[in-house]
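Participant: PDB, C-alpha atoms, saved as structure_39.pdb, coming up:
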ATOM      1  CA  MET C 102      -6.131  -0.910  24.227
ATOM      2  CA  GLU C 103      -3.573  -1.207  21.499
ATOM      3  CA  LYS C 104      -5.678  -3.780  19.719
ATOM      4  CA  ALA C 105      -8.791  -1.605  19.928
ATOM      5  CA  LEU C 106      -6.784   1.232  18.402
ATOM      6  CA  PHE C 107      -5.472  -1.144  15.756
ATOM      7  CA  ILE C 108      -8.997  -2.254  14.808
ATOM      8  CA  ILE C 109     -10.273   1.334  14.595
ATOM      9  CA  ILE C 110      -7.315   2.425  12.453
ATOM     10  CA  ALA C 111      -7.561  -0.667  10.262
ATOM     11  CA  VAL C 112     -11.260  -0.058   9.615
ATOM     12  CA  ILE C 113     -10.499   3.571   8.724
ATOM     13  CA  ALA C 114      -7.725   2.493   6.351
ATOM     14  CA  VAL C 115      -9.837  -0.099   4.530
ATOM     15  CA  ALA C 116     -12.908   2.155   4.378
ATOM     16  CA  ALA C 117     -10.853   5.010   2.910
ATOM     17  CA  ALA C 118      -9.270   2.602   0.436
ATOM     18  CA  LEU C 119     -12.716   1.421  -0.662
ATOM     19  CA  ASN C 120     -13.850   5.019  -0.931
ATOM     20  CA  VAL C 121     -10.988   5.583  -3.399
ATOM     21  CA  LEU C 122     -12.630   3.044  -5.682
ATOM     22  CA  ILE C 123     -16.285   3.991  -5.396
ATOM     23  CA  GLN C 124     -15.999   7.754  -5.765
ATOM     24  CA  ARG C 125     -16.781   9.040  -9.247
ATOM     25  CA  ASN C 126     -14.860  12.282  -8.896
ATOM     26  CA  PRO C 127     -11.094  11.532  -8.946
ATOM     27  CA  LEU C 128     -10.494  14.487  -6.619
ATOM     28  CA  TYR C 129     -12.517  12.832  -3.832
ATOM     29  CA  SER C 130     -10.608   9.620  -4.475
ATOM     30  CA  ALA C 131      -7.317  11.453  -3.969
ATOM     31  CA  LEU C 132      -8.544  13.033  -0.725
ATOM     32  CA  SER C 133      -9.721   9.639   0.483
ATOM     33  CA  LEU C 134      -6.322   8.161  -0.325
ATOM     34  CA  ILE C 135      -4.793  10.697   2.069
ATOM     35  CA  GLY C 136      -6.990   9.140   4.784
ATOM     36  CA  THR C 137      -5.531   5.715   4.041
ATOM     37  CA  MET C 138      -1.989   7.089   4.158
ATOM     38  CA  ALA C 139      -2.610   8.821   7.508
ATOM     39  CA  ALA C 140      -4.121   5.656   9.001
ATOM     40  CA  LEU C 141      -1.126   3.625   7.816
ATOM     41  CA  SER C 142       1.152   6.210   9.377
ATOM     42  CA  VAL C 143      -0.539   5.623  12.745
ATOM     43  CA  LEU C 144       0.061   1.897  12.303
ATOM     44  CA  TYR C 145       3.747   2.543  11.615
ATOM     45  CA  VAL C 146       3.964   4.436  14.903
ATOM     46  CA  MET C 147       2.350   1.471  16.621
ATOM     47  CA  LEU C 148       5.029  -0.736  15.057
ATOM     48  CA  ARG C 149       7.729   1.605  16.427
ATOM     49  CA  ALA C 150       8.832   2.755  12.984
ATOM     50  CA  GLN C 151       8.628   6.466  13.693
ATOM     51  CA  PHE C 152      10.819   7.576  10.817
ATOM     52  CA  ILE C 153       8.767   5.624   8.288
ATOM     53  CA  ALA C 154       5.595   7.151   9.757
ATOM     54  CA  ALA C 155       6.961  10.655   9.239
ATOM     55  CA  VAL C 156       8.155   9.793   5.719
ATOM     56  CA  GLN C 157       4.736   8.348   4.949
ATOM     57  CA  ILE C 158       3.033  11.637   5.819
ATOM     58  CA  VAL C 159       5.668  13.902   4.242
ATOM     59  CA  VAL C 160       6.220  12.006   0.997
ATOM     60  CA  TYR C 161       2.814  10.443   0.349
ATOM     61  CA  ALA C 162       0.364  12.977   1.735
ATOM     62  CA  GLY C 163       2.686  15.938   1.169
ATOM     63  CA  ALA C 164       4.207  15.224  -2.227
ATOM     64  CA  ILE C 165       2.646  12.378  -4.186
ATOM     65  CA  LEU C 166      -0.976  13.172  -3.369
ATOM     66  CA  VAL C 167      -0.432  16.884  -4.051
ATOM     67  CA  LEU C 168       0.987  15.857  -7.434
ATOM     68  CA  PHE C 169      -2.106  13.751  -8.080
ATOM     69  CA  ILE C 170      -4.434  16.587  -7.092
ATOM     70  CA  PHE C 171      -2.536  19.058  -9.287
ATOM     71  CA  VAL C 172      -2.851  16.754 -12.292
ATOM     72  CA  ILE C 173      -6.553  16.127 -11.642
ATOM     73  CA  MET C 174      -7.211  19.864 -11.467
ATOM     74  CA  LEU C 175      -5.045  20.582 -14.549
ATOM     75  CA  LEU C 176      -6.785  18.009 -16.677
ATOM     76  CA  ASN C 177     -10.319  18.981 -15.675
ATOM     77  CA  ALA C 178     -11.481  15.689 -17.114
ATOM     78  CA  PRO C 179     -15.193  15.001 -17.431
ATOM     79  CA  LYS C 180     -16.767  12.841 -14.780
ATOM     80  CA  GLN C 181     -17.325   9.365 -16.051
ATOM     81  CA  GLN C 182     -19.783   6.704 -15.084
ATOM     82  CA  LEU C 183     -18.716   3.896 -12.852
ATOM     83  CA  GLN C 184     -18.886   1.095 -15.334
ATOM     84  CA  ILE C 185     -17.667  -2.437 -15.101
ATOM     85  CA  ASP C 186     -17.466  -4.595 -18.188
ATOM     86  CA  LYS C 187     -19.498  -7.734 -18.000
ATOM     87  CA  GLN C 188     -17.444 -10.434 -19.642
ATOM     88  CA  LYS C 189     -19.246 -13.702 -19.105
ATOM     89  CA  GLY C 190     -16.426 -15.940 -20.218
ATOM     90  CA  LEU C 191     -13.921 -14.492 -17.818
ATOM     91  CA  ARG C 192     -16.222 -15.037 -14.843
ATOM     92  CA  TYR C 193     -15.565 -18.767 -14.865
ATOM     93  CA  LEU C 194     -11.854 -18.023 -14.721
ATOM     94  CA  ALA C 195     -12.208 -15.261 -12.124
ATOM     95  CA  ILE C 196     -14.066 -17.229  -9.472
ATOM     96  CA  PRO C 197     -11.466 -20.044  -9.189
ATOM     97  CA  LEU C 198      -8.648 -17.505  -9.185
ATOM     98  CA  ALA C 199     -10.317 -15.439  -6.442
ATOM     99  CA  GLY C 200     -10.873 -18.647  -4.498
ATOM    100  CA  LEU C 201      -7.208 -19.509  -4.941
ATOM    101  CA  LEU C 202      -6.184 -16.099  -3.585
ATOM    102  CA  LEU C 203      -8.490 -16.449  -0.583
ATOM    103  CA  ALA C 204      -7.253 -19.996   0.062
ATOM    104  CA  GLU C 205      -3.679 -18.763  -0.002
ATOM    105  CA  ALA C 206      -4.541 -15.958   2.450
ATOM    106  CA  PHE C 207      -6.307 -18.396   4.762
ATOM    107  CA  TYR C 208      -3.295 -20.714   4.590
ATOM    108  CA  VAL C 209      -0.939 -17.905   5.619
ATOM    109  CA  VAL C 210      -3.282 -16.832   8.437
ATOM    110  CA  TRP C 211      -3.501 -20.426   9.619
ATOM    111  CA  ARG C 212       0.259 -20.860   9.562
ATOM    112  CA  VAL C 213       1.154 -17.672  11.437
ATOM    113  CA  GLN C 214      -1.874 -17.745  13.763
ATOM    114  CA  ASP C 215       0.093 -18.417  16.936
ATOM    115  CA  ILE C 216       2.677 -15.710  16.356
ATOM    116  CA  ALA C 217       2.048 -12.828  18.726
ATOM    117  CA  MET C 218       4.025  -9.652  18.961
ATOM    118  CA  PRO C 219       5.441  -9.644  22.469
ATOM    119  CA  VAL C 220       4.780  -6.848  24.882
ATOM    120  CA  VAL C 221       6.915  -3.835  24.200
ATOM    121  CA  LYS C 222       9.393  -3.083  26.939
ATOM    122  CA  GLU C 223      10.100   0.514  27.823
ATOM    123  CA  GLY C 224      13.428   1.895  26.722
ATOM    124  CA  GLU C 225      13.802  -0.780  24.111
ATOM    125  CA  GLU C 226      15.815   0.260  21.095
ATOM    126  CA  ALA C 227      13.539   0.451  18.087
ATOM    127  CA  VAL C 228      14.613  -0.330  14.552
ATOM    128  CA  GLY C 229      12.535   2.409  13.005
ATOM    129  CA  THR C 230      14.112   5.451  14.611
ATOM    130  CA  THR C 231      15.798   8.047  12.437
ATOM    131  CA  TRP C 232      19.141   7.191  13.972
ATOM    132  CA  SER C 233      19.111   3.474  13.205
ATOM    133  CA  VAL C 234      17.637   3.909   9.711
ATOM    134  CA  GLY C 235      20.121   6.671   8.927
ATOM    135  CA  VAL C 236      23.109   4.659  10.084
ATOM    136  CA  ALA C 237      21.972   1.686   8.011
ATOM    137  CA  LEU C 238      21.349   3.849   4.941
ATOM    138  CA  PHE C 239      24.744   5.526   5.013
ATOM    139  CA  THR C 240      26.845   2.481   5.857
ATOM    140  CA  HIS C 241      25.510  -0.872   4.789
ATOM    141  CA  TYR C 242      23.039   0.352   2.167
ATOM    142  CA  LEU C 243      25.096   3.204   0.741
ATOM    143  CA  LEU C 244      25.193   1.945  -2.851
ATOM    144  CA  PRO C 245      21.411   1.326  -3.092
ATOM    145  CA  PHE C 246      20.908   4.762  -1.562
ATOM    146  CA  GLN C 247      23.005   6.402  -4.287
ATOM    147  CA  VAL C 248      21.240   4.368  -6.976
ATOM    148  CA  ALA C 249      17.882   5.561  -5.579
ATOM    149  CA  GLY C 250      19.125   9.129  -5.928
ATOM    150  CA  VAL C 251      20.057   8.519  -9.572
ATOM    151  CA  LEU C 252      16.630   6.953 -10.125
ATOM    152  CA  LEU C 253      14.922  10.037  -8.713
ATOM    153  CA  LEU C 254      17.012  12.284 -10.979
ATOM    154  CA  MET C 255      16.055  10.181 -14.005
ATOM    155  CA  ALA C 256      12.376  10.323 -13.018
ATOM    156  CA  LEU C 257      12.616  14.092 -12.602
ATOM    157  CA  ILE C 258      14.135  14.602 -16.056
ATOM    158  CA  GLY C 259      11.760  12.078 -17.596
ATOM    159  CA  ALA C 260       8.686  13.752 -16.114
ATOM    160  CA  VAL C 261       9.804  17.174 -17.359
ATOM    161  CA  VAL C 262      10.509  15.827 -20.863
ATOM    162  CA  LEU C 263       7.194  13.951 -21.003
ATOM    163  CA  ALA C 264       5.022  16.799 -19.785
ATOM    164  CA  ARG C 265       6.689  19.441 -21.973
ATOM    165  CA  ARG C 266       4.810  20.687 -25.008
ATOM    166  CA  GLU C 267       6.392  19.636 -28.298
ATOM    167  CA  GLY C 268       7.185  23.051 -29.758
ATOM    168  CA  ASP C 269       8.472  24.643 -26.538
ATOM    169  CA  LYS C 270      12.096  25.607 -26.429
TER     170      LYS C 270
ATOM    171  CA  MET W  33     -18.329  -5.760  -3.069
ATOM    172  CA  ILE W  34     -18.345  -9.525  -2.708
ATOM    173  CA  SER W  35     -14.598  -9.531  -2.360
ATOM    174  CA  PHE W  36     -14.916  -6.938   0.403
ATOM    175  CA  ILE W  37     -17.415  -9.067   2.322
ATOM    176  CA  MET W  38     -15.186 -12.115   1.937
ATOM    177  CA  GLY W  39     -12.207 -10.065   3.062
ATOM    178  CA  ALA W  40     -14.088  -8.736   6.074
ATOM    179  CA  ALA W  41     -15.099 -12.281   7.012
ATOM    180  CA  LEU W  42     -11.477 -13.316   6.618
ATOM    181  CA  TYR W  43     -10.435 -10.517   8.885
ATOM    182  CA  ILE W  44     -13.052 -10.890  11.593
ATOM    183  CA  ALA W  45     -13.136 -14.693  11.859
ATOM    184  CA  PRO W  46      -9.678 -15.117  13.437
ATOM    185  CA  LEU W  47     -10.396 -12.271  15.857
ATOM    186  CA  ILE W  48     -13.486 -14.092  17.106
ATOM    187  CA  LEU W  49     -11.624 -17.388  17.199
ATOM    188  CA  GLN W  50      -8.751 -15.791  19.056
ATOM    189  CA  ALA W  51     -11.001 -14.162  21.619
ATOM    190  CA  GLN W  52     -12.018 -17.517  23.024
ATOM    191  CA  GLY W  53      -9.862 -19.357  25.484
ATOM    192  CA  GLU W  54      -6.885 -17.038  25.597
ATOM    193  CA  PRO W  55      -5.500 -15.000  28.462
ATOM    194  CA  PHE W  56      -7.108 -11.606  28.814
ATOM    195  CA  ILE W  57      -3.907  -9.640  28.306
ATOM    196  CA  LYS W  58      -2.843 -11.426  25.169
ATOM    197  CA  ARG W  59      -6.046 -10.500  23.359
ATOM    198  CA  PHE W  60      -5.184  -6.813  23.483
ATOM    199  CA  GLU W  61      -2.042  -7.058  21.415
ATOM    200  CA  PRO W  62      -2.195  -6.631  17.663
ATOM    201  CA  THR W  63      -0.376  -9.656  16.356
ATOM    202  CA  LEU W  64       1.642 -10.149  13.212
ATOM    203  CA  VAL W  65      -1.285 -11.920  11.598
ATOM    204  CA  ASN W  66      -3.545  -8.869  12.110
ATOM    205  CA  PHE W  67      -1.108  -6.719  10.206
ATOM    206  CA  LEU W  68      -0.821  -9.351   7.486
ATOM    207  CA  MET W  69      -4.611  -9.447   7.119
ATOM    208  CA  LEU W  70      -4.912  -5.660   6.933
ATOM    209  CA  SER W  71      -2.166  -5.637   4.334
ATOM    210  CA  PHE W  72      -3.982  -8.346   2.377
ATOM    211  CA  LEU W  73      -7.222  -6.350   2.448
ATOM    212  CA  LEU W  74      -5.499  -3.187   1.203
ATOM    213  CA  PHE W  75      -3.784  -5.218  -1.523
ATOM    214  CA  VAL W  76      -7.092  -6.742  -2.662
ATOM    215  CA  VAL W  77      -8.766  -3.321  -2.725
ATOM    216  CA  GLY W  78      -5.876  -1.990  -4.809
ATOM    217  CA  VAL W  79      -6.021  -4.892  -7.262
ATOM    218  CA  ALA W  80      -9.800  -4.464  -7.568
ATOM    219  CA  GLY W  81      -9.224  -0.799  -8.385
ATOM    220  CA  VAL W  82      -6.632  -1.570 -11.047
ATOM    221  CA  LEU W  83      -8.913  -4.146 -12.646
ATOM    222  CA  SER W  84     -12.280  -2.413 -12.453
ATOM    223  CA  ARG W  85     -11.798   1.331 -12.868
ATOM    224  CA  ARG W  86     -11.299   2.946 -16.276
ATOM    225  CA  ASN W  87      -9.841   6.278 -15.163
ATOM    226  CA  ILE W  88      -6.063   6.125 -15.478
ATOM    227  CA  ILE W  89      -5.514   8.440 -12.487
ATOM    228  CA  ILE W  90      -7.574   6.162 -10.220
ATOM    229  CA  ILE W  91      -5.519   3.231 -11.497
ATOM    230  CA  PHE W  92      -2.358   5.049 -10.412
ATOM    231  CA  MET W  93      -3.870   5.631  -6.980
ATOM    232  CA  SER W  94      -4.717   1.934  -6.709
ATOM    233  CA  ILE W  95      -1.095   1.102  -7.499
ATOM    234  CA  GLU W  96      -0.078   3.392  -4.631
ATOM    235  CA  LEU W  97      -2.471   1.434  -2.396
ATOM    236  CA  ILE W  98      -0.809  -1.839  -3.408
ATOM    237  CA  LEU W  99       2.648  -0.426  -2.657
ATOM    238  CA  ASN W 100       1.421   0.754   0.739
ATOM    239  CA  ALA W 101       0.132  -2.722   1.552
ATOM    240  CA  VAL W 102       3.607  -4.067   0.782
ATOM    241  CA  ASN W 103       5.195  -1.399   2.990
ATOM    242  CA  LEU W 104       2.950  -2.327   5.920
ATOM    243  CA  ASN W 105       3.944  -5.963   5.495
ATOM    244  CA  LEU W 106       7.644  -5.080   5.483
ATOM    245  CA  ILE W 107       7.395  -2.955   8.630
ATOM    246  CA  ALA W 108       5.319  -5.552  10.499
ATOM    247  CA  PHE W 109       7.804  -8.318   9.663
ATOM    248  CA  SER W 110      10.691  -6.048  10.625
ATOM    249  CA  ARG W 111       9.067  -5.438  14.025
ATOM    250  CA  TYR W 112       8.492  -9.159  14.460
ATOM    251  CA  LEU W 113      12.105  -9.968  13.594
ATOM    252  CA  GLN W 114      13.363  -7.290  15.958
ATOM    253  CA  LEU W 115      11.311  -8.584  18.877
ATOM    254  CA  ASN W 116      12.352 -12.174  18.251
ATOM    255  CA  GLU W 117      15.967 -11.586  17.252
ATOM    256  CA  ALA W 118      17.364 -13.333  20.326
ATOM    257  CA  ALA W 119      15.076 -16.341  19.991
ATOM    258  CA  LEU W 120      15.874 -16.674  16.291
ATOM    259  CA  ALA W 121      19.612 -16.291  16.926
ATOM    260  CA  ALA W 122      19.384 -19.145  19.421
ATOM    261  CA  LYS W 123      18.013 -21.281  16.593
ATOM    262  CA  GLY W 124      20.939 -20.283  14.374
ATOM    263  CA  LEU W 125      18.979 -17.830  12.200
ATOM    264  CA  ASP W 126      20.759 -14.557  11.572
ATOM    265  CA  VAL W 127      18.140 -11.882  10.890
ATOM    266  CA  ASN W 128      18.441  -8.231   9.953
ATOM    267  CA  PRO W 129      15.401  -6.257  11.204
ATOM    268  CA  LEU W 130      16.717  -3.023   9.673
ATOM    269  CA  ALA W 131      16.205  -4.350   6.154
ATOM    270  CA  GLY W 132      12.445  -3.724   6.481
ATOM    271  CA  PRO W 133      12.500   0.052   7.067
ATOM    272  CA  VAL W 134      15.347   0.543   4.572
ATOM    273  CA  PHE W 135      13.526  -1.383   1.878
ATOM    274  CA  THR W 136      10.344   0.552   2.669
ATOM    275  CA  ILE W 137      12.221   3.792   2.023
ATOM    276  CA  PHE W 138      13.362   2.481  -1.342
ATOM    277  CA  ILE W 139       9.796   1.473  -2.193
ATOM    278  CA  ILE W 140       8.608   4.991  -1.319
ATOM    279  CA  VAL W 141      11.346   6.426  -3.581
ATOM    280  CA  VAL W 142      10.268   4.185  -6.447
ATOM    281  CA  ALA W 143       6.601   5.074  -5.838
ATOM    282  CA  ALA W 144       7.422   8.779  -6.005
ATOM    283  CA  ALA W 145       9.383   8.300  -9.240
ATOM    284  CA  GLU W 146       6.588   6.188 -10.701
ATOM    285  CA  ALA W 147       3.952   8.778  -9.797
ATOM    286  CA  ALA W 148       6.001  11.609 -11.347
ATOM    287  CA  VAL W 149       6.678   9.779 -14.622
ATOM    288  CA  GLY W 150       3.170   8.288 -14.787
ATOM    289  CA  LEU W 151       1.459  11.622 -14.291
ATOM    290  CA  GLY W 152       3.780  13.167 -16.910
ATOM    291  CA  ILE W 153       2.597  10.476 -19.311
ATOM    292  CA  VAL W 154      -1.032  11.194 -18.356
ATOM    293  CA  ILE W 155      -0.589  14.910 -19.060
ATOM    294  CA  SER W 156       0.989  14.386 -22.474
ATOM    295  CA  LEU W 157      -1.622  11.735 -23.260
ATOM    296  CA  PHE W 158      -4.454  14.065 -22.319
ATOM    297  CA  ARG W 159      -2.915  16.761 -24.490
ATOM    298  CA  ASN W 160      -2.918  14.442 -27.500
ATOM    299  CA  ARG W 161      -6.082  12.386 -27.005
ATOM    300  CA  GLU W 162      -8.302  14.523 -24.731
ATOM    301  CA  THR W 163      -9.152  11.543 -22.542
ATOM    302  CA  VAL W 164      -8.046   9.761 -19.391
ATOM    303  CA  SER W 165     -10.139   6.643 -20.004
ATOM    304  CA  ILE W 166      -8.009   3.591 -20.719
ATOM    305  CA  ASP W 167     -10.723   2.198 -22.996
ATOM    306  CA  GLU W 168     -10.027   4.955 -25.495
ATOM    307  CA  ILE W 169      -6.240   4.713 -25.288
ATOM    308  CA  ASP W 170      -5.822   1.628 -27.455
ATOM    309  CA  LEU W 171      -3.450   2.631 -30.233
ATOM    310  CA  LEU W 172      -1.064  -0.238 -29.434
ATOM    311  CA  LYS W 173      -3.857  -2.792 -29.155
ATOM    312  CA  TRP W 174      -4.274  -5.380 -31.891
TER     313      TRP W 174
END
Would it be possible to restate this file's structure as structure tokens?
Facilitator:
Amino acid sequence: MEKALFIIIAVIAVAAALNVLIQRNPLYSALSLIGTMAALSVLYVMLRAQFIAAVQIVVYAGAILVLFIFVIMLLNAPKQQLQIDKQKGLRYLAIPLAGLLLAEAFYVVWRVQDIAMPVVKEGEEAVGTTWSVGVALFTHYLLPFQVAGVLLLMALIGAVVLARREGDK
Amino acid sequence: MISFIMGAALYIAPLILQAQGEPFIKRFEPTLVNFLMLSFLLFVVGVAGVLSRRNIIIIFMSIELILNAVNLNLIAFSRYLQLNEAALAAKGLDVNPLAGPVFTIFIIVVAAAEAAVGLGIVISLFRNRETVSIDEIDLLKW
């Protein structure tokens, strides 16, 4: 049952991710990306990381994608053709490199093939609950947490400065 | 397209191989390797987007896809470490399953910051150059 659900969700995630690439209108790409984020959120619940699942929906679908959609609608950029440069010389480099990537993936799959996730026992303490993540964030990872806050502040100021018109005071 | 077919073959082949000669119950558990393969597929789709599309906003979205693939990997490994903590401790390996979710949160923070700054750059770029195509933004190219 869980595996059937996993396969359905995985197909949805990959199909939505592909749809991000093949859509010509960036707005449809952004909406499709929300589908990928929601599917990944379901997978996080399956992995017992409930807090991360909620953060995935709130931050990605709620904040980042809304930002993307705002920018797309502000710019009102013309639709462009889906064009891919044909560079003959690079093809001979690309095929071995793609083969190398696939070989590496196959190697990893072959090495971890026999690792199964054991059956989940009821009442088992999960690592992904808000309680455990919060305790870890405010004790062991306090300094990185503060640095992340400073990073967000810098990004906020930077975005405002970048998007401001030159003459505005 | 070809990469997608190869990726799909990569994903389906172990499922078919696994389905033979294993206990019935075990087949119905998503294993660590399934999550790794899904993460790999999302990563490849993201890289293909970064390399093939010319719209800078779509390239940003592809980068978000890549970061999400990494997040899925981190959470799956964290789950695996949590479930096998006792067995690994018996072998003398001290693992910390909480590092996965915590690091995922930091990645989400960095992704949000990157999206905010990147889209600010896109807006000021569009104001100056009237384009979002990376082929026409080549002032620094030599």
Participant: Using the chain letters and numbers from the file, which residues does the PyMOL selection byres ((chain C and resi 156) around 12) grab, as an MDAnalysis selection string?
Facilitator: (chainID C and resid 138:139 141:143 145:146 150:155 157:165 229:231 234) or (chainID W and resid 103 133:134 136:141 144)
Participant: Which chain W residues are at most 8 Å from chain C (counting all atoms listed in the file), as a ChimeraX atom specification?
Facilitator: /W:42,59-65,68-70,72-74,77-78,81,84-86,89-90,93-94,97,100,104,107-108,110-112,114-115,129-130,133-134,136-138,140-142,144-153,155-156,158,163-164
Participant: So how far away is atom CA of Asn66 of chain W from atom CA of Leu106 of chain W, in Å?
Facilitator: 13.5 Å
Participant: Could you tell me how far atom CA of Ile113 of chain C lies from atom CA of Ala140 of chain C, in Å and to one decimal?
Facilitator: 6.7 Å
Participant: At what distance in Å, to one decimal, does atom CA of Phe75 of chain W lie from atom CA of Leu99 of chain W?
Facilitator: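 Separation between atom CA of Leu99 of chain W and atom CA of Phe75 of chain W: 8.1 Å.
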Participant: Which polymer residues, whether protein, DNA or RNA, lie within 10 Å of the coordinate (16.0, -13.7, 8.0) when you count all atoms listed in the file? List them as a VMD selection string, using the chain letters and numbers from the file.
Facilitator: chain W and resid 109 to 110 113 117 120 to 121 125 to 129 131
Participant: As a PDB file, keeping the file's coordinate frame, could you write out segment 229-244 of chain C once it has been completed with N, CA, C and O atoms?
Facilitator:
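In the end it all went to rebuild.pdb:
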ATOM      1  N   GLY C 229      13.055   1.423  13.947  1.00  0.00           N
ATOM      2  CA  GLY C 229      12.535   2.409  13.005  1.00  0.00           C
ATOM      3  C   GLY C 229      12.901   3.838  13.317  1.00  0.00           C
ATOM      4  O   GLY C 229      12.401   4.751  12.678  1.00  0.00           O
ATOM      5  N   THR C 230      13.767   4.076  14.303  1.00  0.00           N
ATOM      6  CA  THR C 230      14.112   5.451  14.611  1.00  0.00           C
ATOM      7  C   THR C 230      14.980   6.045  13.512  1.00  0.00           C
ATOM      8  O   THR C 230      15.601   5.338  12.729  1.00  0.00           O
ATOM      9  N   THR C 231      15.012   7.370  13.464  1.00  0.00           N
ATOM     10  CA  THR C 231      15.798   8.047  12.437  1.00  0.00           C
ATOM     11  C   THR C 231      17.267   7.670  12.538  1.00  0.00           C
ATOM     12  O   THR C 231      17.948   7.502  11.524  1.00  0.00           O
ATOM     13  N   TRP C 232      17.729   7.511  13.780  1.00  0.00           N
ATOM     14  CA  TRP C 232      19.141   7.191  13.972  1.00  0.00           C
ATOM     15  C   TRP C 232      19.493   5.846  13.341  1.00  0.00           C
ATOM     16  O   TRP C 232      20.432   5.752  12.534  1.00  0.00           O
ATOM     17  N   SER C 233      18.730   4.808  13.689  1.00  0.00           N
ATOM     18  CA  SER C 233      19.111   3.474  13.205  1.00  0.00           C
ATOM     19  C   SER C 233      18.934   3.379  11.689  1.00  0.00           C
ATOM     20  O   SER C 233      19.778   2.808  10.995  1.00  0.00           O
ATOM     21  N   VAL C 234      17.843   3.966  11.167  1.00  0.00           N
ATOM     22  CA  VAL C 234      17.637   3.909   9.711  1.00  0.00           C
ATOM     23  C   VAL C 234      18.722   4.699   8.989  1.00  0.00           C
ATOM     24  O   VAL C 234      19.256   4.264   7.968  1.00  0.00           O
ATOM     25  N   GLY C 235      19.086   5.857   9.572  1.00  0.00           N
ATOM     26  CA  GLY C 235      20.121   6.671   8.927  1.00  0.00           C
ATOM     27  C   GLY C 235      21.465   5.988   8.912  1.00  0.00           C
ATOM     28  O   GLY C 235      22.160   5.977   7.881  1.00  0.00           O
ATOM     29  N   VAL C 236      21.827   5.371  10.035  1.00  0.00           N
ATOM     30  CA  VAL C 236      23.109   4.659  10.084  1.00  0.00           C
ATOM     31  C   VAL C 236      23.128   3.530   9.068  1.00  0.00           C
ATOM     32  O   VAL C 236      24.110   3.343   8.337  1.00  0.00           O
ATOM     33  N   ALA C 237      22.016   2.791   8.976  1.00  0.00           N
ATOM     34  CA  ALA C 237      21.972   1.686   8.011  1.00  0.00           C
ATOM     35  C   ALA C 237      22.068   2.206   6.585  1.00  0.00           C
ATOM     36  O   ALA C 237      22.775   1.640   5.750  1.00  0.00           O
ATOM     37  N   LEU C 238      21.363   3.331   6.309  1.00  0.00           N
ATOM     38  CA  LEU C 238      21.349   3.849   4.941  1.00  0.00           C
ATOM     39  C   LEU C 238      22.726   4.332   4.504  1.00  0.00           C
ATOM     40  O   LEU C 238      23.099   4.170   3.346  1.00  0.00           O
ATOM     41  N   PHE C 239      23.472   4.925   5.432  1.00  0.00           N
ATOM     42  CA  PHE C 239      24.744   5.526   5.013  1.00  0.00           C
ATOM     43  C   PHE C 239      25.943   4.621   5.233  1.00  0.00           C
ATOM     44  O   PHE C 239      27.059   5.030   4.957  1.00  0.00           O
ATOM     45  N   THR C 240      25.719   3.406   5.759  1.00  0.00           N
ATOM     46  CA  THR C 240      26.845   2.481   5.857  1.00  0.00           C
ATOM     47  C   THR C 240      26.603   1.249   4.994  1.00  0.00           C
ATOM     48  O   THR C 240      27.197   1.086   3.933  1.00  0.00           O
ATOM     49  N   HIS C 241      25.676   0.417   5.457  1.00  0.00           N
ATOM     50  CA  HIS C 241      25.510  -0.872   4.789  1.00  0.00           C
ATOM     51  C   HIS C 241      24.799  -0.744   3.453  1.00  0.00           C
ATOM     52  O   HIS C 241      25.076  -1.468   2.506  1.00  0.00           O
ATOM     53  N   TYR C 242      23.845   0.212   3.374  1.00  0.00           N
ATOM     54  CA  TYR C 242      23.039   0.352   2.167  1.00  0.00           C
ATOM     55  C   TYR C 242      23.413   1.602   1.386  1.00  0.00           C
ATOM     56  O   TYR C 242      22.554   2.241   0.784  1.00  0.00           O
ATOM     57  N   LEU C 243      24.706   1.953   1.386  1.00  0.00           N
ATOM     58  CA  LEU C 243      25.096   3.204   0.741  1.00  0.00           C
ATOM     59  C   LEU C 243      24.907   3.148  -0.767  1.00  0.00           C
ATOM     60  O   LEU C 243      24.389   4.089  -1.371  1.00  0.00           O
ATOM     61  N   LEU C 244      25.304   2.049  -1.385  1.00  0.00           N
ATOM     62  CA  LEU C 244      25.193   1.945  -2.851  1.00  0.00           C
ATOM     63  C   LEU C 244      23.735   1.984  -3.310  1.00  0.00           C
ATOM     64  O   LEU C 244      23.401   2.771  -4.216  1.00  0.00           O
TER      65      LEU C 244
END
